[in-house]
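Here's the structure, in structure tokens; my notes come after.
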Amino acid sequence: MTSNLLSIAASGARAAEIALDLTGQNISNASTDGYVRRSANNVEVASASSWSTANDVSLSGVTVSGIVRNADSFLQSEARRTASDTAQATSTVSGLTNVETAVENSGVFTAIGTFTNSLTTLAQNPTDNSARATVIQAASTMTSAFNIAAQGLSATQTGLQGEVTNGVSQINTLGTQLAAINTQLSATSGASSINSDVTTSDRASLMDKRDSLLDQISQYANIATTIQADGSANVNIGGVSGPPLVTGTSTNTLTATTNSDGTESLAVGNAAVTLGGGSIAGNQAALTKLNQIGTNLDSLASSIATTVNTQQASGSDLTGTTGAALFSGTTAATLTMTTSNGSAIATAAGGSAAKSADTTNLTALTSALTTLDPAGTMNAILTDISGSVSSATTTKTTLQTLSSAAASSLSAQAGVDLNTEAVNLVKYQQAFQASAKVMQTASDIFTSMLNLH
Amino acid sequence: MTTISSTSTSTFYTTAAEQLASLQQQVSAVNNSISSGTQFTAASDNPEAAAQMRMMQLQDATATVDTASANKATSNLQLADSAMTQMVNDINQAKTLTTQAANGTLSDSQRATIGTQLSQIQKDLLSLANSRDSNGNALFGGGVSGNAYSLDAAGNAVYGGTSTSQTLAIGDGQTVQTSLTGPEVLSMTDASGNATNVIDSIGALATALKAGGSAAQTAAQNGLTSLSNGLDAVTTAQTVIGSRESWITLNTQNLTAQSTARATAESQVGDTDVSKAAIKLQQLTTALQASQACFVKMSSLSLFSVIGN
């Protein structure tokens, strides 16, 4: 009977010791990313009595049946989903901001205004060489501005495509790592798959890794995860209906293909992947917008060139010959001047003599440009992209609020609170001391029995 | 089985960091807008206002060019005006001389002398008709760069310019012709109802006076009617020029009024309201200081600092 008391006390001391270890572990990992707070699952041990009689009192103390990993899978997937949305919004904003900067800083708008104004100035003195040189200068500044905008867009496009490629290779690496974790989780599942909450410390740390990998993948792309009975995770990329990326221990490779218009398409094998979240989705959205802005710029550049060149052909230049095209190229990147000679501007009506001060054709050109309204079109393009940045920023702010709320509630449930651990430390220390006291008592009782005469 | 704490320690720190960073960012944005004087640094801060600003700045640049065009037109019109005043003087002088020649008591040689003087006036008128504008082109020649009138073999003045004079855009879609063509100024009908021009009319009169005889006196009497017609033509043209000048003045006033209105709008749309911004800055810095103080207090509230033994 006294030996029973000793072993009960010993089991209590052991349980308290494990609980203290866990508290220490929690405190040490208070700032570890992906660490989920652990606690010990204590189970009373009541062994069968030697007499096997009903109503028999036979107590054997306590045992730690396993480690409880305090993770709520709903909160986890909610935090993951909202974080994925935020990652998408953040990368959309950063991509679009780069597009905005490229188009706005190129100064195309100002250059168009300067060019049309220089034509108006030329009308004041159409035979003046310096006024003609000013027009040529303004036109060449405008073509450079278009070129710079196109280069800026192209650099941004390359950057965004690089981010997509990088994200895809990260996803593949993370998928492989997840498959490895899945392997270990299935291998260790044998003994302790009775209750998914209670597990061994090894498996708890594997699950931390698993969840951390899932979090990382969802930063790049939105995923749907299914946790199997053995703790392994299956991942479908692009949501529940998307193709599988990781199934148990096997992985599929995600691939990115650059389309002819510069946008990126994703696929797993032959199955196309449409992302609804994650930074890659943001990059894709920015690439689509970039492509649209680039097309608009190209058509603006081309329409200016066509309008000017067409009008040139119906007038006479300063030497009395029919005006030649001033611009060549049909895209923002290729728009260039064909001449640097001011006398090539056909200001006079067709068939006029050399050095004619007639401005019929120049007036027609000015009014054709007024009808085309390139500055208005450019203003619309700039408003388009800056409006997109602005609304994407608003979306980002909203999603950030949602994801930080989800992260907070997950963290409140699964994270380490040092104050709680401080209480636990005191509690388990006292439990250990109490068990020690019980041992002391058992020993005292045993001694008094030995001392019986 | 498990206790759910209000929040985890790491969340407390990350949340505090995020909140402080957000306040810091807002302070810096307000500070930036005060020091730069503009409400937005990138167009995406306020796309509509940025679009408005861009267009208004473009209109400012266009208005500068339009004002220069208006000045150019005014200076050409003034040149035309003064050339025409000279023409009127010449014609008046010719009229005085012709009135003398119409007097029956004058001898042929005296009429011939008047004829010579009239020839001089004719030359003078020709050179006035070939005046240059401020760019050095023919003032009354439409678009030609050379002379508006030249004399043919018979000594008649032939107009070599274009049929309309040049127009300049002076803003708001308005255009103005910067001068008149030679025929618009000098075309007239002589005493017999034939279409001619002032130069030729005086030339013919001079030739007739130099020829002498009784025909010379008749020519002088008819010449008076012709000269009156010529004077009418030139003064009418001068009135047109004068009305164009006042039209430009009106338009320039309009442009100036628009520029002023635009400057006000630009300031409202783009400039920082400094007093509002200063109050916002004060409010934000107060909140930031309070949050910082709060964070320090909260973070020192650890159970560990109390349970130590």
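Numbering starts fresh at 1 for the residues of each chain in the structure tokens, the chains themselves are lettered A, B, ... in the order given, and ligands are numbered from 1 as they appear.
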- Item | Filtered DSSP result for region 173-299 of chain B, state strand (DSSP E), as a VMD selection string | chain B and resid 175 to 177 187 to 189 195 to 197
If we count only C-alpha atoms, which residues of chain A reach to within 7 Å of chain B? Please list them as an mmCIF file with N, CA and C atoms, in the first residue's frame.
data_model
loop_
_atom_site.group_PDB
_atom_site.id
_atom_site.type_symbol
_atom_site.label_atom_id
_atom_site.label_comp_id
_atom_site.auth_asym_id
_atom_site.auth_seq_id
_atom_site.Cartn_x
_atom_site.Cartn_y
_atom_site.Cartn_z
ATOM 1 N N ALA A 30 8.333 31.267 -27.619
ATOM 2 C CA ALA A 30 7.284 32.298 -27.644
ATOM 3 C C ALA A 30 7.307 33.115 -28.934
ATOM 4 N N SER A 31 8.505 33.311 -29.490
ATOM 5 C CA SER A 31 8.556 34.120 -30.723
ATOM 6 C C SER A 31 8.892 33.297 -31.954
ATOM 7 N N GLY A 113 1.884 67.684 -74.709
ATOM 8 C CA GLY A 113 1.444 69.069 -74.595
ATOM 9 C C GLY A 113 2.455 70.018 -75.210
ATOM 10 N N ASN A 117 1.789 72.409 -78.444
ATOM 11 C CA ASN A 117 1.972 73.853 -78.261
ATOM 12 C C ASN A 117 3.043 74.406 -79.194
ATOM 13 N N THR A 120 1.520 75.202 -82.411
ATOM 14 C CA THR A 120 0.773 76.469 -82.358
ATOM 15 C C THR A 120 1.744 77.647 -82.457
ATOM 16 N N THR A 121 2.869 77.534 -81.759
ATOM 17 C CA THR A 121 3.870 78.604 -81.801
ATOM 18 C C THR A 121 4.418 78.762 -83.213
ATOM 19 N N ALA A 123 2.902 78.395 -85.917
ATOM 20 C CA ALA A 123 1.943 79.121 -86.745
ATOM 21 C C ALA A 123 2.167 80.625 -86.673
ATOM 22 N N GLN A 124 2.746 81.101 -85.549
ATOM 23 C CA GLN A 124 3.001 82.536 -85.419
ATOM 24 C C GLN A 124 4.051 83.003 -86.421
ATOM 25 N N ASN A 125 4.982 82.123 -86.748
ATOM 26 C CA ASN A 125 6.027 82.479 -87.705
ATOM 27 C C ASN A 125 6.498 81.225 -88.427
ATOM 28 N N LYS A 355 9.777 78.315 -99.125
ATOM 29 C CA LYS A 355 9.755 79.398 -98.144
ATOM 30 C C LYS A 355 8.391 80.072 -98.036
ATOM 31 N N SER A 356 7.334 79.351 -98.342
ATOM 32 C CA SER A 356 6.006 79.926 -98.241
ATOM 33 C C SER A 356 5.647 80.138 -96.778
ATOM 34 N N ALA A 357 5.038 81.290 -96.493
ATOM 35 C CA ALA A 357 4.615 81.581 -95.123
ATOM 36 C C ALA A 357 3.180 81.123 -94.890
ATOM 37 N N ASP A 358 2.653 80.358 -95.849
ATOM 38 C CA ASP A 358 1.287 79.862 -95.737
ATOM 39 C C ASP A 358 1.208 78.837 -94.603
ATOM 40 N N THR A 359 0.093 78.862 -93.838
ATOM 41 C CA THR A 359 -0.022 77.933 -92.704
ATOM 42 C C THR A 359 -1.228 77.011 -92.849
ATOM 43 N N ASN A 379 -4.007 61.411 -70.673
ATOM 44 C CA ASN A 379 -4.551 61.692 -69.347
ATOM 45 C C ASN A 379 -5.448 60.543 -68.894
ATOM 46 N N THR A 383 -4.935 58.256 -65.692
ATOM 47 C CA THR A 383 -5.992 58.148 -64.692
ATOM 48 C C THR A 383 -6.379 56.686 -64.493
ATOM 49 N N SER A 386 -3.512 55.088 -62.390
ATOM 50 C CA SER A 386 -3.450 55.581 -61.011
ATOM 51 C C SER A 386 -4.730 55.217 -60.265
ATOM 52 N N GLY A 387 -5.866 55.168 -60.989
ATOM 53 C CA GLY A 387 -7.107 54.725 -60.362
ATOM 54 C C GLY A 387 -7.017 53.267 -59.938
ATOM 55 N N VAL A 389 -4.255 51.668 -59.121
ATOM 56 C CA VAL A 389 -3.387 51.608 -57.937
ATOM 57 C C VAL A 389 -4.183 52.003 -56.709
ATOM 58 N N SER A 390 -4.944 53.097 -56.869
ATOM 59 C CA SER A 390 -5.696 53.613 -55.728
ATOM 60 C C SER A 390 -6.706 52.587 -55.220
ATOM 61 N N SER A 408 -4.616 37.299 -35.482
ATOM 62 C CA SER A 408 -4.708 37.538 -34.044
ATOM 63 C C SER A 408 -5.512 36.458 -33.351
ATOM 64 N N SER A 411 -3.562 33.362 -33.286
ATOM 65 C CA SER A 411 -2.458 33.476 -32.365
ATOM 66 C C SER A 411 -2.950 33.428 -30.924
ATOM 67 N N ALA A 412 -4.124 34.036 -30.677
ATOM 68 C CA ALA A 412 -4.683 33.998 -29.325
ATOM 69 C C ALA A 412 -4.967 32.564 -28.910
ATOM 70 N N GLN A 413 -5.343 31.739 -29.903
ATOM 71 C CA GLN A 413 -5.702 30.363 -29.597
ATOM 72 C C GLN A 413 -4.478 29.461 -29.601
ATOM 73 N N GLY A 415 -1.046 30.623 -30.034
ATOM 74 C CA GLY A 415 0.252 31.190 -29.701
ATOM 75 C C GLY A 415 0.566 31.107 -28.220
ATOM 76 N N VAL A 416 1.774 31.513 -27.878
ATOM 77 C CA VAL A 416 2.225 31.437 -26.487
ATOM 78 C C VAL A 416 1.988 32.776 -25.808
ATOM 79 N N ASP A 417 1.272 32.744 -24.654
ATOM 80 C CA ASP A 417 1.141 33.949 -23.846
ATOM 81 C C ASP A 417 2.032 33.774 -22.621
ATOM 82 N N LEU A 418 3.015 34.644 -22.487
ATOM 83 C CA LEU A 418 4.021 34.470 -21.432
ATOM 84 C C LEU A 418 3.402 34.531 -20.034
ATOM 85 N N ASN A 419 2.340 35.316 -19.878
ATOM 86 C CA ASN A 419 1.715 35.408 -18.560
ATOM 87 C C ASN A 419 1.080 34.078 -18.164
ATOM 88 N N ALA A 422 3.732 31.820 -17.181
ATOM 89 C CA ALA A 422 4.249 32.139 -15.840
ATOM 90 C C ALA A 422 3.380 31.478 -14.777
#
- Item | Polymer residues at most 12 Å from Thr398 (chain A), only C-alpha atoms, same-chain spacing of 4 or more positions, as a list in words |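 The contact residues come out as Thr82, Ala83, Asp85, Thr86, Ala89, Thr90, Ser391, Ala392, Thr393, Thr394, Leu402, Ser403, Ser404 and Ala405 of chain A.
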- Could you name the residues that touch Ser241 (chain A) at 10 Å or less, counting only C-alpha atoms, but leaving out those on the same chain fewer than 6 positions away, as a list in words?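 Once the adjacent positions are removed, what remains is Ile223, Ala224, Val273 and Thr274 of chain A.
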How would the residues just picked look written out with C-alpha atoms as an mmCIF file, in the first residue's frame?
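Output below, filename out.cif:
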data_model
loop_
_atom_site.group_PDB
_atom_site.id
_atom_site.type_symbol
_atom_site.label_atom_id
_atom_site.label_comp_id
_atom_site.auth_asym_id
_atom_site.auth_seq_id
_atom_site.Cartn_x
_atom_site.Cartn_y
_atom_site.Cartn_z
ATOM 1 C CA ILE A 223 -4.577 26.555 -51.823
ATOM 2 C CA ALA A 224 -7.184 24.165 -50.502
ATOM 3 C CA VAL A 273 -4.395 26.760 -62.786
ATOM 4 C CA THR A 274 -6.413 29.895 -62.063
#
- Note on the structure: Nearest to Ser144 (chain A), restricted to only C-alpha atoms and choosing among A:Ala332, A:Val43, A:Ile217, A:Ala256, comes out as A:Ala332
- Note on the structure: Expressed in Å, the length from CA of Asn70 (chain A) to CA of Val426 (chain A) is 20.8 Å
Which residues are close to Ser267 (chain B), i.e. within 12 Å by only C-alpha atoms, leaving aside same-chain residues fewer than 2 positions away? Reply as a compact mmCIF listing (two decimals) with N, CA and C atoms, in the first residue's frame.
# COMPACT_ATOMS: atom_id res chain seq x y z
N GLY B 37 4.01 71.14 -50.15
CA GLY B 37 2.97 72.09 -50.54
C GLY B 37 1.91 71.48 -51.45
N THR B 38 2.07 70.20 -51.80
CA THR B 38 1.05 69.57 -52.65
C THR B 38 0.35 68.46 -51.88
N GLN B 39 -0.92 68.28 -52.23
CA GLN B 39 -1.71 67.29 -51.50
C GLN B 39 -1.30 65.87 -51.80
N ALA B 49 -8.20 64.05 -58.90
CA ALA B 49 -7.58 65.36 -58.73
C ALA B 49 -6.31 65.45 -59.59
N GLN B 52 -7.26 66.10 -63.12
CA GLN B 52 -7.68 67.49 -63.26
C GLN B 52 -6.46 68.41 -63.31
N MET B 53 -5.51 68.16 -62.40
CA MET B 53 -4.30 68.99 -62.31
C MET B 53 -3.52 68.92 -63.62
N MET B 56 -5.23 70.95 -66.25
CA MET B 56 -5.15 72.39 -65.99
C MET B 56 -3.75 72.91 -66.28
N GLN B 57 -2.73 72.09 -65.94
CA GLN B 57 -1.36 72.52 -66.22
C GLN B 57 -1.12 72.59 -67.72
N THR B 260 -6.73 83.03 -64.25
CA THR B 260 -6.90 83.33 -62.83
C THR B 260 -7.79 82.28 -62.18
N ALA B 261 -8.91 81.98 -62.87
CA ALA B 261 -9.83 80.98 -62.33
C ALA B 261 -9.13 79.64 -62.19
N ARG B 262 -8.29 79.32 -63.21
CA ARG B 262 -7.59 78.04 -63.19
C ARG B 262 -6.59 77.97 -62.05
N ALA B 263 -5.90 79.10 -61.83
CA ALA B 263 -4.91 79.13 -60.74
C ALA B 263 -5.60 78.86 -59.41
N THR B 264 -6.79 79.44 -59.23
CA THR B 264 -7.54 79.22 -57.99
C THR B 264 -7.92 77.74 -57.87
N ALA B 265 -8.42 77.19 -58.99
CA ALA B 265 -8.83 75.78 -58.98
C ALA B 265 -7.63 74.87 -58.70
N VAL B 269 -7.39 72.24 -55.74
CA VAL B 269 -7.30 70.80 -55.99
C VAL B 269 -5.97 70.23 -55.50
N GLY B 270 -4.88 70.97 -55.77
CA GLY B 270 -3.57 70.36 -55.56
C GLY B 270 -2.81 70.82 -54.33
N ASP B 271 -3.08 72.05 -53.87
CA ASP B 271 -2.24 72.56 -52.78
C ASP B 271 -2.70 72.05 -51.43
N THR B 272 -1.74 71.96 -50.52
CA THR B 272 -2.05 71.54 -49.16
C THR B 272 -2.78 72.65 -48.43
N ASP B 273 -3.87 72.28 -47.72
CA ASP B 273 -4.49 73.24 -46.82
C ASP B 273 -3.66 73.20 -45.54
N VAL B 274 -2.77 74.19 -45.39
CA VAL B 274 -1.76 74.10 -44.34
C VAL B 274 -2.37 74.05 -42.95
- Item | Members of region 153-274 of chain B assigned alpha helix (DSSP H) by DSSP, as number ranges by chain | B: 182-186, 198-211, 214-270, 274
Can you write just those residues out, C-alpha atoms, as a PDB file, in the first residue's frame?
ATOM      1  CA  GLY B 182      -3.880  93.445-100.902  1.00  0.00           C
ATOM      2  CA  PRO B 183      -7.169  93.281-102.849  1.00  0.00           C
ATOM      3  CA  GLU B 184      -9.148  93.478 -99.594  1.00  0.00           C
ATOM      4  CA  VAL B 185      -7.465  96.855 -98.921  1.00  0.00           C
ATOM      5  CA  LEU B 186      -6.895  98.357-102.350  1.00  0.00           C
ATOM      6  CA  VAL B 198      -5.901 102.373-105.856  1.00  0.00           C
ATOM      7  CA  ILE B 199      -2.340 102.065-107.179  1.00  0.00           C
ATOM      8  CA  ASP B 200      -3.396 101.612-110.792  1.00  0.00           C
ATOM      9  CA  SER B 201      -6.046 104.293-110.473  1.00  0.00           C
ATOM     10  CA  ILE B 202      -3.485 106.893-109.330  1.00  0.00           C
ATOM     11  CA  GLY B 203      -1.040 105.613-111.952  1.00  0.00           C
ATOM     12  CA  ALA B 204      -3.609 106.102-114.736  1.00  0.00           C
ATOM     13  CA  LEU B 205      -4.389 109.576-113.426  1.00  0.00           C
ATOM     14  CA  ALA B 206      -0.700 110.515-113.371  1.00  0.00           C
ATOM     15  CA  THR B 207      -0.232 109.284-116.938  1.00  0.00           C
ATOM     16  CA  ALA B 208      -3.270 111.277-118.111  1.00  0.00           C
ATOM     17  CA  LEU B 209      -2.068 114.458-116.374  1.00  0.00           C
ATOM     18  CA  LYS B 210       1.417 114.109-117.823  1.00  0.00           C
ATOM     19  CA  ALA B 211      -0.127 113.702-121.328  1.00  0.00           C
ATOM     20  CA  SER B 214      -8.138 118.988-122.415  1.00  0.00           C
ATOM     21  CA  ALA B 215      -8.360 115.291-121.595  1.00  0.00           C
ATOM     22  CA  ALA B 216      -6.051 115.915-118.658  1.00  0.00           C
ATOM     23  CA  GLN B 217      -8.541 118.225-116.908  1.00  0.00           C
ATOM     24  CA  THR B 218     -11.414 115.761-117.484  1.00  0.00           C
ATOM     25  CA  ALA B 219      -9.204 112.968-116.154  1.00  0.00           C
ATOM     26  CA  ALA B 220      -8.478 115.059-113.061  1.00  0.00           C
ATOM     27  CA  GLN B 221     -12.195 115.689-112.492  1.00  0.00           C
ATOM     28  CA  ASN B 222     -12.994 111.963-112.850  1.00  0.00           C
ATOM     29  CA  GLY B 223      -9.925 111.148-110.785  1.00  0.00           C
ATOM     30  CA  LEU B 224     -11.437 112.978-107.810  1.00  0.00           C
ATOM     31  CA  THR B 225     -14.371 110.521-107.783  1.00  0.00           C
ATOM     32  CA  SER B 226     -12.033 107.563-108.187  1.00  0.00           C
ATOM     33  CA  LEU B 227      -9.812 108.770-105.359  1.00  0.00           C
ATOM     34  CA  SER B 228     -12.830 109.164-103.088  1.00  0.00           C
ATOM     35  CA  ASN B 229     -13.771 105.547-103.878  1.00  0.00           C
ATOM     36  CA  GLY B 230     -10.182 104.488-103.142  1.00  0.00           C
ATOM     37  CA  LEU B 231     -10.182 106.365 -99.837  1.00  0.00           C
ATOM     38  CA  ASP B 232     -13.433 104.628 -98.911  1.00  0.00           C
ATOM     39  CA  ALA B 233     -11.902 101.208 -99.683  1.00  0.00           C
ATOM     40  CA  VAL B 234      -8.827 101.791 -97.530  1.00  0.00           C
ATOM     41  CA  THR B 235     -10.658 103.372 -94.586  1.00  0.00           C
ATOM     42  CA  THR B 236     -13.232 100.564 -94.609  1.00  0.00           C
ATOM     43  CA  ALA B 237     -10.400  98.033 -94.508  1.00  0.00           C
ATOM     44  CA  GLN B 238      -8.813  99.979 -91.675  1.00  0.00           C
ATOM     45  CA  THR B 239     -12.046  99.721 -89.682  1.00  0.00           C
ATOM     46  CA  VAL B 240     -11.941  95.931 -90.122  1.00  0.00           C
ATOM     47  CA  ILE B 241      -8.369  95.850 -88.779  1.00  0.00           C
ATOM     48  CA  GLY B 242      -9.393  98.033 -85.835  1.00  0.00           C
ATOM     49  CA  SER B 243     -12.286  95.758 -84.922  1.00  0.00           C
ATOM     50  CA  ARG B 244      -9.992  92.715 -85.072  1.00  0.00           C
ATOM     51  CA  GLU B 245      -7.591  94.399 -82.669  1.00  0.00           C
ATOM     52  CA  SER B 246     -10.342  95.061 -80.162  1.00  0.00           C
ATOM     53  CA  TRP B 247     -11.612  91.472 -80.615  1.00  0.00           C
ATOM     54  CA  ILE B 248      -8.141  90.204 -79.660  1.00  0.00           C
ATOM     55  CA  THR B 249      -8.064  92.495 -76.627  1.00  0.00           C
ATOM     56  CA  LEU B 250     -11.409  91.095 -75.528  1.00  0.00           C
ATOM     57  CA  ASN B 251     -10.225  87.542 -76.064  1.00  0.00           C
ATOM     58  CA  THR B 252      -7.003  88.167 -74.148  1.00  0.00           C
ATOM     59  CA  GLN B 253      -8.996  89.538 -71.223  1.00  0.00           C
ATOM     60  CA  ASN B 254     -11.083  86.384 -71.354  1.00  0.00           C
ATOM     61  CA  LEU B 255      -7.934  84.209 -71.356  1.00  0.00           C
ATOM     62  CA  THR B 256      -6.531  86.126 -68.404  1.00  0.00           C
ATOM     63  CA  ALA B 257      -9.767  85.666 -66.468  1.00  0.00           C
ATOM     64  CA  GLN B 258      -9.663  81.940 -67.228  1.00  0.00           C
ATOM     65  CA  SER B 259      -6.017  81.682 -66.116  1.00  0.00           C
ATOM     66  CA  THR B 260      -6.897  83.331 -62.834  1.00  0.00           C
ATOM     67  CA  ALA B 261      -9.830  80.983 -62.330  1.00  0.00           C
ATOM     68  CA  ARG B 262      -7.588  78.038 -63.194  1.00  0.00           C
ATOM     69  CA  ALA B 263      -4.911  79.132 -60.742  1.00  0.00           C
ATOM     70  CA  THR B 264      -7.542  79.218 -57.991  1.00  0.00           C
ATOM     71  CA  ALA B 265      -8.829  75.775 -58.975  1.00  0.00           C
ATOM     72  CA  GLU B 266      -5.280  74.357 -59.136  1.00  0.00           C
ATOM     73  CA  SER B 267      -4.596  75.665 -55.685  1.00  0.00           C
ATOM     74  CA  GLN B 268      -7.819  74.176 -54.348  1.00  0.00           C
ATOM     75  CA  VAL B 269      -7.296  70.800 -55.992  1.00  0.00           C
ATOM     76  CA  GLY B 270      -3.565  70.360 -55.558  1.00  0.00           C
ATOM     77  CA  VAL B 274      -1.756  74.096 -44.345  1.00  0.00           C
TER      78      VAL B 274
END
